[in-house]
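**Student:** Attaching a single structure in structure tokens format; questions to follow.
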Amino acid sequence: MSPRPTVLLIGDLTHSNAEWASLGSKYTLLEYRKGTRQQFLSHCRDGTYAAVRGCYRSNMSTPVTGPFDKELVDALPAAWKFVAHNGAGYDNIDVDACSARRIAVSSTPVAVDDATADVGILLLLGALRQVHEPLVALREGRWKGNVRLGHDPKGKVLGILGMGGIGRAMAHRARSFGMEIIYHNRRRLDPELEKGAKYVSFDELLAQSDVLSLNLALNASTRHIISAPELAKTKKGVVIVNTARGALINETDLVAALESGQVSAVGLDVFENEPEIHPGLVKSDRAFLLPHLGTTTIETQRDMELLVIKNLETAIDQWKMLTLVNEQKGLDWAPKQADL
């Protein structure tokens, strides 16, 4: 009889401890909820994790192990074949290093779509209506303060850079406000997914958008995809919304564009060097800022945790994954697609 597969939990769980424990009926469960990177690397090298087939890890577990960079991935034991990651973004995982080791990586799109798009609309409306100054003034006893007239979303063009699940959820919500939707992707969507949105080139997106929403993954090719040259191509007075990753935008260039009036307002949930925020954004009364709250709801956090557990279970039992990262789809060794 073959030994039971071994799986490892890295970091903590909040909403799915019972579901994790239930895997103990068919797997050997190991946990590394707290510790240091050096301790984790020692366990990888001294045989403690020799039998591990796959792990559950998250963006929130990065302080425990550090990023899953090439050093860490190269230290993983030979039996390790799966990284089930909790987070729509996975820029703290070196996917190329994982692919070189034929280690499959999954993330949590779909589960995050609605909550992130809700926050995107909150930021869009807050930026259009210039709400930062009156919100601060109210709490300071200055009533509306130096309130500015804002803008209605109706009739405005929302340009979406990255029309994946979150981008489409954003478009769905924006249509109810009477906004026109254009988008740019690496490739055009099937018409049934476009729902009337117009596919345009990147330069056309910049030139035509009244509001530009960033909804794409951060990687080497998208870092600083919005910098001074791109900002110069936008409509004067454009509003920029970002719920994806802060480093998609060069914040120094963004602040300069805000100060010049090229950008009239921003709504940001993510920042280039968070938790540090560029002082020019902090002091701007045209910057509506949130501290990375995109998925911070009970329902979404639970759905994300359950999706990670299901990815790990499906990988171990069937050599399939529900939400394999895009970079590994189609590789000859990669797990096949499982039905969500």
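Every chain in the structure tokens has a letter given in the order shown (A, B, ...), and although residue numbers restart at 1 in each chain, ligands are simply numbered from 1 in the order shown.
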Can you pull out every residue from range 139-227 of chain A that DSSP, working from the backbone, puts in alpha helix (DSSP H), and format the result as a list in words?
**Tutor:**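 Secondary structure check on range 139-227 of chain A, alpha helix (DSSP H): Arg139, Gly165, Ile166, Gly167, Arg168, Ala169, Met170, Ala171, His172, Arg173, Ala174, Arg175, Pro191, Glu192, Leu193, Glu194, Phe202, Asp203, Glu204, Leu205, Leu206, Ala207 and Gln208 of chain A.
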**Student:** What would the file look like if the residues just selected were written as a PDB file, in the first residue's frame with C-alpha atoms?
**Tutor:**
ATOM      1  CA  ARG A 139     -14.215  64.968  10.371  1.00  0.00           C
ATOM      2  CA  GLY A 165     -12.659  38.270 -14.474  1.00  0.00           C
ATOM      3  CA  ILE A 166     -12.203  41.419 -12.388  1.00  0.00           C
ATOM      4  CA  GLY A 167     -12.176  43.667 -15.448  1.00  0.00           C
ATOM      5  CA  ARG A 168     -15.405  42.101 -16.732  1.00  0.00           C
ATOM      6  CA  ALA A 169     -17.013  42.427 -13.288  1.00  0.00           C
ATOM      7  CA  MET A 170     -15.966  46.085 -13.272  1.00  0.00           C
ATOM      8  CA  ALA A 171     -17.485  46.588 -16.728  1.00  0.00           C
ATOM      9  CA  HIS A 172     -20.733  44.917 -15.647  1.00  0.00           C
ATOM     10  CA  ARG A 173     -21.098  47.330 -12.734  1.00  0.00           C
ATOM     11  CA  ALA A 174     -20.072  50.403 -14.737  1.00  0.00           C
ATOM     12  CA  ARG A 175     -22.741  49.752 -17.380  1.00  0.00           C
ATOM     13  CA  PRO A 191     -17.889  38.349 -28.309  1.00  0.00           C
ATOM     14  CA  GLU A 192     -20.076  36.682 -25.675  1.00  0.00           C
ATOM     15  CA  LEU A 193     -17.616  37.794 -22.993  1.00  0.00           C
ATOM     16  CA  GLU A 194     -17.322  41.327 -24.346  1.00  0.00           C
ATOM     17  CA  PHE A 202      -3.269  50.180 -25.967  1.00  0.00           C
ATOM     18  CA  ASP A 203      -2.685  53.657 -27.407  1.00  0.00           C
ATOM     19  CA  GLU A 204      -6.379  53.991 -28.284  1.00  0.00           C
ATOM     20  CA  LEU A 205      -7.279  52.989 -24.736  1.00  0.00           C
ATOM     21  CA  LEU A 206      -5.055  55.734 -23.344  1.00  0.00           C
ATOM     22  CA  ALA A 207      -6.376  58.348 -25.760  1.00  0.00           C
ATOM     23  CA  GLN A 208     -10.095  57.597 -25.422  1.00  0.00           C
TER      24      GLN A 208
END
**Student:** Might you pull out every residue within 12 Å of range 130-135 of chain A, with only C-alpha atoms counted and same-chain residues fewer than 2 positions away left off, and present them as a tab-separated table (two decimals) with N, CA, C and O atoms, in the first residue's frame?
**Tutor:**
chain	number	residue	atom	x	y	z
A	122	LEU	N	-16.23	51.78	-6.14
A	122	LEU	CA	-16.14	52.74	-5.03
A	122	LEU	C	-15.06	53.78	-5.33
A	122	LEU	O	-15.27	54.99	-5.17
A	123	LEU	N	-13.89	53.33	-5.79
A	123	LEU	CA	-12.80	54.24	-6.10
A	123	LEU	C	-13.13	55.11	-7.31
A	123	LEU	O	-12.81	56.32	-7.34
A	124	LEU	N	-13.76	54.53	-8.32
A	124	LEU	CA	-14.15	55.27	-9.50
A	124	LEU	C	-15.08	56.42	-9.14
A	124	LEU	O	-14.88	57.58	-9.55
A	125	LEU	N	-16.12	56.12	-8.37
A	125	LEU	CA	-17.08	57.15	-7.98
A	125	LEU	C	-16.44	58.18	-7.05
A	125	LEU	O	-16.67	59.39	-7.19
A	126	GLY	N	-15.62	57.70	-6.11
A	126	GLY	CA	-14.97	58.62	-5.19
A	126	GLY	C	-14.04	59.59	-5.89
A	126	GLY	O	-13.96	60.77	-5.54
A	127	ALA	N	-13.32	59.07	-6.90
A	127	ALA	CA	-12.41	59.94	-7.65
A	127	ALA	C	-13.17	60.91	-8.55
A	127	ALA	O	-12.86	62.10	-8.61
A	128	LEU	N	-14.17	60.40	-9.25
A	128	LEU	CA	-14.97	61.28	-10.12
A	128	LEU	C	-15.63	62.40	-9.32
A	128	LEU	O	-15.70	63.54	-9.77
A	137	ALA	N	-12.66	67.11	5.55
A	137	ALA	CA	-13.20	68.33	6.15
A	137	ALA	C	-14.31	68.02	7.16
A	137	ALA	O	-14.38	68.63	8.23
A	138	LEU	N	-15.16	67.08	6.82
A	138	LEU	CA	-16.27	66.72	7.70
A	138	LEU	C	-15.76	66.29	9.07
A	138	LEU	O	-16.27	66.72	10.11
A	139	ARG	N	-14.75	65.46	9.10
A	139	ARG	CA	-14.21	64.97	10.37
A	139	ARG	C	-13.41	66.03	11.12
A	139	ARG	O	-13.18	65.90	12.32
A	140	GLU	N	-12.99	67.03	10.41
A	140	GLU	CA	-12.24	68.12	11.04
A	140	GLU	C	-13.15	69.28	11.46
A	140	GLU	O	-12.67	70.31	11.92
A	141	GLY	N	-14.46	69.10	11.27
A	141	GLY	CA	-15.40	70.15	11.65
A	141	GLY	C	-15.50	71.30	10.66
A	141	GLY	O	-15.97	72.39	11.01
A	142	ARG	N	-15.07	71.05	9.40
A	142	ARG	CA	-15.10	72.11	8.40
A	142	ARG	C	-16.22	71.87	7.38
A	142	ARG	O	-16.22	72.44	6.30
A	143	TRP	N	-17.18	71.03	7.73
A	143	TRP	CA	-18.31	70.66	6.87
A	143	TRP	C	-17.81	70.20	5.52
A	143	TRP	O	-17.04	69.22	5.46
A	144	LYS	N	-18.11	70.87	4.41
A	144	LYS	CA	-17.67	70.39	3.11
A	144	LYS	C	-16.23	70.77	2.76
A	144	LYS	O	-15.66	70.22	1.82
A	145	GLY	N	-15.67	71.71	3.50
A	145	GLY	CA	-14.32	72.17	3.18
A	145	GLY	C	-14.28	72.85	1.82
A	145	GLY	O	-15.26	73.46	1.37
A	146	ASN	N	-13.16	72.73	1.15
A	146	ASN	CA	-13.00	73.35	-0.18
A	146	ASN	C	-13.47	72.38	-1.25
A	146	ASN	O	-12.69	71.90	-2.08
A	147	VAL	N	-14.74	72.06	-1.21
A	147	VAL	CA	-15.29	71.05	-2.09
A	147	VAL	C	-15.23	71.50	-3.55
A	147	VAL	O	-15.43	72.67	-3.86
A	148	ARG	N	-14.91	70.58	-4.42
A	148	ARG	CA	-14.93	70.82	-5.86
A	148	ARG	C	-16.15	70.16	-6.48
A	148	ARG	O	-16.64	69.15	-5.98
A	149	LEU	N	-16.59	70.68	-7.59
A	149	LEU	CA	-17.60	69.98	-8.36
A	149	LEU	C	-16.96	68.75	-8.99
A	149	LEU	O	-15.87	68.83	-9.55
A	150	GLY	N	-17.65	67.64	-8.89
A	150	GLY	CA	-17.16	66.41	-9.50
A	150	GLY	C	-17.80	66.16	-10.85
A	150	GLY	O	-18.32	67.07	-11.50
A	151	HIS	N	-17.76	64.91	-11.27
A	151	HIS	CA	-18.33	64.52	-12.55
A	151	HIS	C	-19.23	63.30	-12.38
A	151	HIS	O	-18.99	62.45	-11.51
A	152	ASP	N	-20.25	63.21	-13.22
A	152	ASP	CA	-21.10	62.02	-13.27
A	152	ASP	C	-20.42	60.94	-14.09
A	152	ASP	O	-19.73	61.23	-15.07
A	239	VAL	N	-9.15	60.24	-15.17
A	239	VAL	CA	-9.20	59.66	-13.83
A	239	VAL	C	-8.59	58.26	-13.91
A	239	VAL	O	-8.93	57.49	-14.83
A	264	SER	N	-6.76	64.21	-13.44
A	264	SER	CA	-7.58	65.05	-12.57
A	264	SER	C	-7.80	64.45	-11.20
A	264	SER	O	-7.98	65.18	-10.22
A	265	ALA	N	-7.78	63.11	-11.12
A	265	ALA	CA	-8.02	62.44	-9.84
A	265	ALA	C	-7.61	60.99	-9.97
A	265	ALA	O	-7.56	60.44	-11.08
A	266	VAL	N	-7.32	60.37	-8.82
A	266	VAL	CA	-7.00	58.94	-8.81
A	266	VAL	C	-7.80	58.28	-7.70
A	266	VAL	O	-8.12	58.89	-6.67
A	267	GLY	N	-8.11	57.01	-7.93
A	267	GLY	CA	-8.70	56.15	-6.91
A	267	GLY	C	-7.83	54.91	-6.81
A	267	GLY	O	-7.79	54.10	-7.74
A	268	LEU	N	-7.11	54.77	-5.71
A	268	LEU	CA	-6.10	53.72	-5.60
A	268	LEU	C	-6.32	52.85	-4.36
A	268	LEU	O	-6.50	53.37	-3.26
A	281	LEU	N	1.00	61.48	-3.13
A	281	LEU	CA	-0.37	60.96	-3.13
A	281	LEU	C	-1.06	61.26	-1.81
A	281	LEU	O	-2.24	61.62	-1.77
A	282	VAL	N	-0.31	61.10	-0.72
A	282	VAL	CA	-0.90	61.32	0.61
A	282	VAL	C	-1.39	62.76	0.76
A	282	VAL	O	-2.45	63.03	1.33
A	283	LYS	N	-0.63	63.71	0.24
A	283	LYS	CA	-0.97	65.11	0.44
A	283	LYS	C	-1.98	65.63	-0.59
A	283	LYS	O	-2.57	66.70	-0.40
A	284	SER	N	-2.20	64.88	-1.66
A	284	SER	CA	-3.09	65.35	-2.72
A	284	SER	C	-4.55	65.25	-2.30
A	284	SER	O	-5.00	64.19	-1.85
A	285	ASP	N	-5.30	66.34	-2.48
A	285	ASP	CA	-6.73	66.30	-2.17
A	285	ASP	C	-7.53	65.77	-3.35
A	285	ASP	O	-8.76	65.75	-3.33
A	286	ARG	N	-6.83	65.31	-4.39
A	286	ARG	CA	-7.50	64.68	-5.53
A	286	ARG	C	-7.17	63.19	-5.63
A	286	ARG	O	-7.41	62.56	-6.65
A	287	ALA	N	-6.64	62.66	-4.53
A	287	ALA	CA	-6.32	61.23	-4.46
A	287	ALA	C	-7.22	60.57	-3.43
A	287	ALA	O	-7.16	60.87	-2.24
A	288	PHE	N	-8.08	59.69	-3.92
A	288	PHE	CA	-8.98	58.91	-3.05
A	288	PHE	C	-8.29	57.56	-2.82
A	288	PHE	O	-8.16	56.76	-3.75
A	289	LEU	N	-7.84	57.32	-1.60
A	289	LEU	CA	-6.94	56.20	-1.32
A	289	LEU	C	-7.56	55.23	-0.31
A	289	LEU	O	-8.18	55.64	0.67
A	290	LEU	N	-7.34	53.93	-0.56
A	290	LEU	CA	-7.72	52.86	0.37
A	290	LEU	C	-6.49	51.98	0.61
A	290	LEU	O	-5.66	51.82	-0.28
**Student:** Give me, as an mmCIF file with N, CA, C and O atoms, in the first residue's frame, all polymer residues having an atom no more than 12 Å from Ile298 in chain A, counting only C-alpha atoms and skipping those fewer than 3 positions away in the same chain.
**Tutor:**
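part_17.cif, written as the output of this step:
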data_model
loop_
_atom_site.group_PDB
_atom_site.id
_atom_site.type_symbol
_atom_site.label_atom_id
_atom_site.label_comp_id
_atom_site.auth_asym_id
_atom_site.auth_seq_id
_atom_site.Cartn_x
_atom_site.Cartn_y
_atom_site.Cartn_z
ATOM 1 N N THR A 14 -8.086 31.455 8.304
ATOM 2 C CA THR A 14 -9.055 32.178 9.128
ATOM 3 C C THR A 14 -10.441 31.557 9.047
ATOM 4 O O THR A 14 -11.128 31.427 10.051
ATOM 5 N N HIS A 15 -10.850 31.156 7.849
ATOM 6 C CA HIS A 15 -12.241 30.759 7.624
ATOM 7 C C HIS A 15 -12.410 29.298 7.218
ATOM 8 O O HIS A 15 -13.538 28.856 7.009
ATOM 9 N N SER A 16 -11.331 28.549 7.094
ATOM 10 C CA SER A 16 -11.462 27.190 6.549
ATOM 11 C C SER A 16 -10.604 26.180 7.298
ATOM 12 O O SER A 16 -10.147 25.207 6.703
ATOM 13 N N ALA A 111 -12.824 33.881 -7.438
ATOM 14 C CA ALA A 111 -13.248 34.120 -6.052
ATOM 15 C C ALA A 111 -13.122 35.586 -5.670
ATOM 16 O O ALA A 111 -13.862 36.070 -4.808
ATOM 17 N N VAL A 112 -12.183 36.302 -6.289
ATOM 18 C CA VAL A 112 -11.930 37.695 -5.905
ATOM 19 C C VAL A 112 -12.663 38.700 -6.792
ATOM 20 O O VAL A 112 -12.640 39.900 -6.498
ATOM 21 N N ALA A 115 -15.722 41.182 -5.195
ATOM 22 C CA ALA A 115 -15.297 42.092 -4.136
ATOM 23 C C ALA A 115 -14.322 43.137 -4.667
ATOM 24 O O ALA A 115 -14.400 44.322 -4.302
ATOM 25 N N LEU A 293 -7.862 47.102 0.265
ATOM 26 C CA LEU A 293 -9.051 46.469 0.853
ATOM 27 C C LEU A 293 -9.841 45.635 -0.149
ATOM 28 O O LEU A 293 -10.931 45.167 0.170
ATOM 29 N N GLY A 294 -9.292 45.413 -1.338
ATOM 30 C CA GLY A 294 -10.057 44.807 -2.423
ATOM 31 C C GLY A 294 -10.831 43.552 -2.087
ATOM 32 O O GLY A 294 -11.981 43.388 -2.493
ATOM 33 N N THR A 295 -10.224 42.642 -1.339
ATOM 34 C CA THR A 295 -10.889 41.361 -1.054
ATOM 35 C C THR A 295 -11.222 41.187 0.428
ATOM 36 O O THR A 295 -11.465 40.067 0.872
ATOM 37 N N GLN A 301 -13.026 36.217 1.480
ATOM 38 C CA GLN A 301 -11.876 35.566 2.098
ATOM 39 C C GLN A 301 -12.122 34.065 2.273
ATOM 40 O O GLN A 301 -11.219 33.253 2.031
ATOM 41 N N ARG A 302 -13.323 33.710 2.663
ATOM 42 C CA ARG A 302 -13.635 32.280 2.802
ATOM 43 C C ARG A 302 -13.621 31.584 1.440
ATOM 44 O O ARG A 302 -13.055 30.493 1.292
ATOM 45 N N ASP A 303 -14.228 32.211 0.444
ATOM 46 C CA ASP A 303 -14.241 31.613 -0.893
ATOM 47 C C ASP A 303 -12.819 31.414 -1.415
ATOM 48 O O ASP A 303 -12.524 30.403 -2.069
ATOM 49 N N MET A 304 -11.941 32.366 -1.152
ATOM 50 C CA MET A 304 -10.548 32.242 -1.595
ATOM 51 C C MET A 304 -9.860 31.067 -0.910
ATOM 52 O O MET A 304 -9.191 30.259 -1.554
ATOM 53 N N GLU A 305 -10.019 30.965 0.397
ATOM 54 C CA GLU A 305 -9.387 29.861 1.119
ATOM 55 C C GLU A 305 -9.894 28.510 0.626
ATOM 56 O O GLU A 305 -9.114 27.568 0.434
#
**Student:** Just to confirm, what's the straight-line distance from CA of Val308 in chain A to CA of Tyr56 in chain A in Å (one decimal)?
**Tutor:**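 Interatomic distance, CA of Val308 in chain A to CA of Tyr56 in chain A: 6.7 Å.
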**Student:** Point out the residue among A:Thr28, A:Thr116, A:Asn273, A:Ser99 with the least atom-to-atom distance to Thr297 in chain A, counting only C-alpha atoms.
**Tutor:**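 The shortest atom-to-atom distance to Thr297 in chain A comes from A:Thr116.
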**Student:** Nearest to Asp114 in chain A among A:Glu299, A:Phe40, A:Gly35, A:Thr314, with distances taken over only C-alpha atoms: which residue is it?
**Tutor:** A:Glu299
**Student:** Mind checking DSSP for range 195-267 of chain A and telling me the strand (DSSP E or B) residues as an mmCIF file with all heavy atoms, in the first residue's frame?
**Tutor:**
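Below you can see out22.cif, which holds the result:
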data_model
loop_
_atom_site.group_PDB
_atom_site.id
_atom_site.type_symbol
_atom_site.label_atom_id
_atom_site.label_comp_id
_atom_site.auth_asym_id
_atom_site.auth_seq_id
_atom_site.Cartn_x
_atom_site.Cartn_y
_atom_site.Cartn_z
ATOM 1 N N LYS A 198 -15.880 47.435 -26.380
ATOM 2 C CA LYS A 198 -15.129 47.579 -27.625
ATOM 3 C C LYS A 198 -13.648 47.318 -27.381
ATOM 4 O O LYS A 198 -13.047 47.918 -26.490
ATOM 5 C CB LYS A 198 -15.324 48.986 -28.181
ATOM 6 C CG LYS A 198 -14.594 49.240 -29.499
ATOM 7 C CD LYS A 198 -14.802 50.678 -29.959
ATOM 8 C CE LYS A 198 -14.026 50.972 -31.242
ATOM 9 N NZ LYS A 198 -14.186 52.397 -31.645
ATOM 10 N N TYR A 199 -13.070 46.428 -28.174
ATOM 11 C CA TYR A 199 -11.641 46.138 -28.087
ATOM 12 C C TYR A 199 -10.866 47.202 -28.843
ATOM 13 O O TYR A 199 -11.174 47.514 -29.995
ATOM 14 C CB TYR A 199 -11.341 44.760 -28.676
ATOM 15 C CG TYR A 199 -9.876 44.371 -28.614
ATOM 16 C CD1 TYR A 199 -9.296 44.020 -27.414
ATOM 17 C CD2 TYR A 199 -9.089 44.382 -29.764
ATOM 18 C CE1 TYR A 199 -7.947 43.668 -27.353
ATOM 19 C CE2 TYR A 199 -7.752 44.034 -29.716
ATOM 20 C CZ TYR A 199 -7.181 43.677 -28.509
ATOM 21 O OH TYR A 199 -5.858 43.341 -28.440
ATOM 22 N N VAL A 211 -12.010 57.478 -17.784
ATOM 23 C CA VAL A 211 -11.537 56.784 -16.587
ATOM 24 C C VAL A 211 -10.759 55.566 -17.058
ATOM 25 O O VAL A 211 -11.245 54.784 -17.871
ATOM 26 C CB VAL A 211 -12.697 56.330 -15.676
ATOM 27 C CG1 VAL A 211 -12.155 55.611 -14.438
ATOM 28 C CG2 VAL A 211 -13.563 57.510 -15.267
ATOM 29 N N LEU A 212 -9.540 55.416 -16.552
ATOM 30 C CA LEU A 212 -8.694 54.271 -16.908
ATOM 31 C C LEU A 212 -8.567 53.372 -15.688
ATOM 32 O O LEU A 212 -8.079 53.802 -14.643
ATOM 33 C CB LEU A 212 -7.317 54.751 -17.352
ATOM 34 C CG LEU A 212 -6.287 53.666 -17.695
ATOM 35 C CD1 LEU A 212 -6.752 52.835 -18.887
ATOM 36 C CD2 LEU A 212 -4.923 54.290 -17.969
ATOM 37 N N SER A 213 -9.024 52.132 -15.816
ATOM 38 C CA SER A 213 -8.985 51.172 -14.704
ATOM 39 C C SER A 213 -7.969 50.088 -15.003
ATOM 40 O O SER A 213 -8.016 49.441 -16.057
ATOM 41 C CB SER A 213 -10.366 50.536 -14.500
ATOM 42 O OG SER A 213 -10.326 49.558 -13.482
ATOM 43 N N LEU A 214 -7.055 49.871 -14.071
ATOM 44 C CA LEU A 214 -6.024 48.844 -14.225
ATOM 45 C C LEU A 214 -6.481 47.568 -13.544
ATOM 46 O O LEU A 214 -6.736 47.545 -12.342
ATOM 47 C CB LEU A 214 -4.695 49.320 -13.631
ATOM 48 C CG LEU A 214 -3.812 50.175 -14.548
ATOM 49 C CD1 LEU A 214 -4.526 51.466 -14.947
ATOM 50 C CD2 LEU A 214 -2.489 50.489 -13.889
ATOM 51 N N ILE A 226 2.135 51.921 -16.819
ATOM 52 C CA ILE A 226 1.671 53.314 -16.850
ATOM 53 C C ILE A 226 2.754 54.186 -16.219
ATOM 54 O O ILE A 226 2.961 54.165 -14.997
ATOM 55 C CB ILE A 226 0.330 53.493 -16.114
ATOM 56 C CG1 ILE A 226 -0.745 52.605 -16.745
ATOM 57 C CG2 ILE A 226 -0.093 54.958 -16.123
ATOM 58 C CD1 ILE A 226 -1.077 52.941 -18.197
ATOM 59 N N VAL A 238 -7.873 62.917 -17.206
ATOM 60 C CA VAL A 238 -8.268 61.524 -17.018
ATOM 61 C C VAL A 238 -8.292 61.172 -15.527
ATOM 62 O O VAL A 238 -7.552 61.750 -14.717
ATOM 63 C CB VAL A 238 -7.302 60.583 -17.783
ATOM 64 C CG1 VAL A 238 -5.919 60.571 -17.145
ATOM 65 C CG2 VAL A 238 -7.854 59.170 -17.874
ATOM 66 N N VAL A 239 -9.152 60.241 -15.171
ATOM 67 C CA VAL A 239 -9.196 59.661 -13.827
ATOM 68 C C VAL A 239 -8.595 58.265 -13.912
ATOM 69 O O VAL A 239 -8.927 57.495 -14.830
ATOM 70 C CB VAL A 239 -10.641 59.590 -13.294
ATOM 71 C CG1 VAL A 239 -10.720 58.769 -12.011
ATOM 72 C CG2 VAL A 239 -11.182 60.995 -13.051
ATOM 73 N N ILE A 240 -7.721 57.922 -12.966
ATOM 74 C CA ILE A 240 -7.062 56.612 -12.983
ATOM 75 C C ILE A 240 -7.442 55.835 -11.728
ATOM 76 O O ILE A 240 -7.361 56.359 -10.599
ATOM 77 C CB ILE A 240 -5.529 56.751 -13.093
ATOM 78 C CG1 ILE A 240 -5.179 57.345 -14.456
ATOM 79 C CG2 ILE A 240 -4.841 55.401 -12.904
ATOM 80 C CD1 ILE A 240 -3.709 57.522 -14.710
ATOM 81 N N VAL A 241 -7.859 54.586 -11.934
ATOM 82 C CA VAL A 241 -8.268 53.691 -10.851
ATOM 83 C C VAL A 241 -7.387 52.455 -10.895
ATOM 84 O O VAL A 241 -7.179 51.876 -11.972
ATOM 85 C CB VAL A 241 -9.758 53.295 -11.000
ATOM 86 C CG1 VAL A 241 -10.140 52.220 -9.984
ATOM 87 C CG2 VAL A 241 -10.654 54.520 -10.859
ATOM 88 N N ASN A 242 -6.886 52.035 -9.739
ATOM 89 C CA ASN A 242 -6.034 50.829 -9.692
ATOM 90 C C ASN A 242 -6.394 49.988 -8.483
ATOM 91 O O ASN A 242 -6.238 50.417 -7.338
ATOM 92 C CB ASN A 242 -4.559 51.218 -9.632
ATOM 93 C CG ASN A 242 -3.630 50.019 -9.800
ATOM 94 O OD1 ASN A 242 -4.077 48.904 -10.072
ATOM 95 N ND2 ASN A 242 -2.341 50.240 -9.627
ATOM 96 N N ILE A 249 2.005 51.076 -11.960
ATOM 97 C CA ILE A 249 2.120 52.512 -12.203
ATOM 98 C C ILE A 249 3.419 53.026 -11.589
ATOM 99 O O ILE A 249 3.752 52.681 -10.450
ATOM 100 C CB ILE A 249 0.933 53.275 -11.579
ATOM 101 C CG1 ILE A 249 -0.409 52.751 -12.118
ATOM 102 C CG2 ILE A 249 1.051 54.768 -11.848
ATOM 103 C CD1 ILE A 249 -1.621 53.412 -11.473
ATOM 104 N N VAL A 263 -3.718 64.327 -15.028
ATOM 105 C CA VAL A 263 -4.627 63.421 -14.331
ATOM 106 C C VAL A 263 -5.431 64.260 -13.348
ATOM 107 O O VAL A 263 -4.850 64.964 -12.506
ATOM 108 C CB VAL A 263 -3.843 62.318 -13.594
ATOM 109 C CG1 VAL A 263 -4.783 61.478 -12.723
ATOM 110 C CG2 VAL A 263 -3.109 61.433 -14.590
ATOM 111 N N SER A 264 -6.756 64.207 -13.439
ATOM 112 C CA SER A 264 -7.583 65.054 -12.574
ATOM 113 C C SER A 264 -7.803 64.445 -11.202
ATOM 114 O O SER A 264 -7.984 65.176 -10.218
ATOM 115 C CB SER A 264 -8.936 65.322 -13.231
ATOM 116 O OG SER A 264 -9.698 64.127 -13.338
ATOM 117 N N ALA A 265 -7.784 63.112 -11.115
ATOM 118 C CA ALA A 265 -8.016 62.445 -9.837
ATOM 119 C C ALA A 265 -7.608 60.985 -9.969
ATOM 120 O O ALA A 265 -7.556 60.435 -11.078
ATOM 121 C CB ALA A 265 -9.483 62.543 -9.424
ATOM 122 N N VAL A 266 -7.317 60.370 -8.825
ATOM 123 C CA VAL A 266 -7.004 58.938 -8.806
ATOM 124 C C VAL A 266 -7.804 58.275 -7.701
ATOM 125 O O VAL A 266 -8.125 58.889 -6.674
ATOM 126 C CB VAL A 266 -5.494 58.678 -8.582
ATOM 127 C CG1 VAL A 266 -4.673 59.230 -9.721
ATOM 128 C CG2 VAL A 266 -5.022 59.243 -7.253
ATOM 129 N N GLY A 267 -8.107 57.010 -7.928
ATOM 130 C CA GLY A 267 -8.700 56.146 -6.908
ATOM 131 C C GLY A 267 -7.832 54.908 -6.809
ATOM 132 O O GLY A 267 -7.794 54.100 -7.743
#
**Student:** With distances taken over only C-alpha atoms, which residue among A:Ser22, A:Asp118, A:Ala104, A:His224 lies nearest Asp332 in chain A?
**Tutor:**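 Among A:Ser22, A:Asp118, A:Ala104, A:His224, it is A:Ala104 that comes nearest to Asp332 in chain A.
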**Student:** Fewer than 5 positions away in the same chain doesn't count, so skip those; otherwise give me all residues within 10 Å of Glu19 in chain A, counting only C-alpha atoms, as a list of chain:residue names.
**Tutor:**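 Listing them by chain and then by number gives A:Gly24, A:Glu305, A:Leu306, A:Ile309, A:Lys310.
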**Student:** Could those residues be written to a file, using N, CA and C atoms, as a short mmCIF file (atom, residue, chain, number, x, y, z; two decimals), in the first residue's frame?
**Tutor:**
data_model
loop_
_atom_site.label_atom_id
_atom_site.label_comp_id
_atom_site.auth_asym_id
_atom_site.auth_seq_id
_atom_site.Cartn_x
_atom_site.Cartn_y
_atom_site.Cartn_z
N GLY A 24 -7.19 15.60 6.42
CA GLY A 24 -6.44 14.60 7.17
C GLY A 24 -6.99 13.20 7.04
N GLU A 305 -10.02 30.96 0.40
CA GLU A 305 -9.39 29.86 1.12
C GLU A 305 -9.89 28.51 0.63
N LEU A 306 -11.20 28.42 0.40
CA LEU A 306 -11.76 27.15 -0.06
C LEU A 306 -11.28 26.80 -1.46
N ILE A 309 -7.78 25.31 -1.16
CA ILE A 309 -7.85 23.93 -0.68
C ILE A 309 -8.32 23.00 -1.79
N LYS A 310 -9.31 23.44 -2.56
CA LYS A 310 -9.83 22.61 -3.65
C LYS A 310 -8.77 22.43 -4.74
#
**Student:** Which neighbours of His184 in chain A fall inside 8 Å, counting only C-alpha atoms, when residues of the same chain fewer than 6 positions from it are skipped, and could you give them as a list in words?
**Tutor:**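 Within the cut-off, the hits are Gly159, Ile160, Leu161, Gly162, Met163, Tyr199, Val200, Ser201, Phe202 and Leu205 of chain A.
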**Student:** Closest to Asn92 in chain A among A:Phe177, A:Trp319, A:Trp80, A:Phe68, using only C-alpha atoms?
**Tutor:**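 The shortest atom-to-atom distance to Asn92 in chain A comes from A:Phe68.
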**Student:** Nearest residue to Ile225 in chain A out of A:Ser209, A:Thr62, A:His278, A:Ala247, using only C-alpha atoms?
**Tutor:** A:Ala247
**Student:** Using only C-alpha atoms, which residue out of A:Val95, A:Val7, A:Ile182, A:Leu254 lies closest to Ala220 in chain A?
**Tutor:**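 Once distances to Ala220 in chain A are computed over only C-alpha atoms, the minimum belongs to A:Val95.
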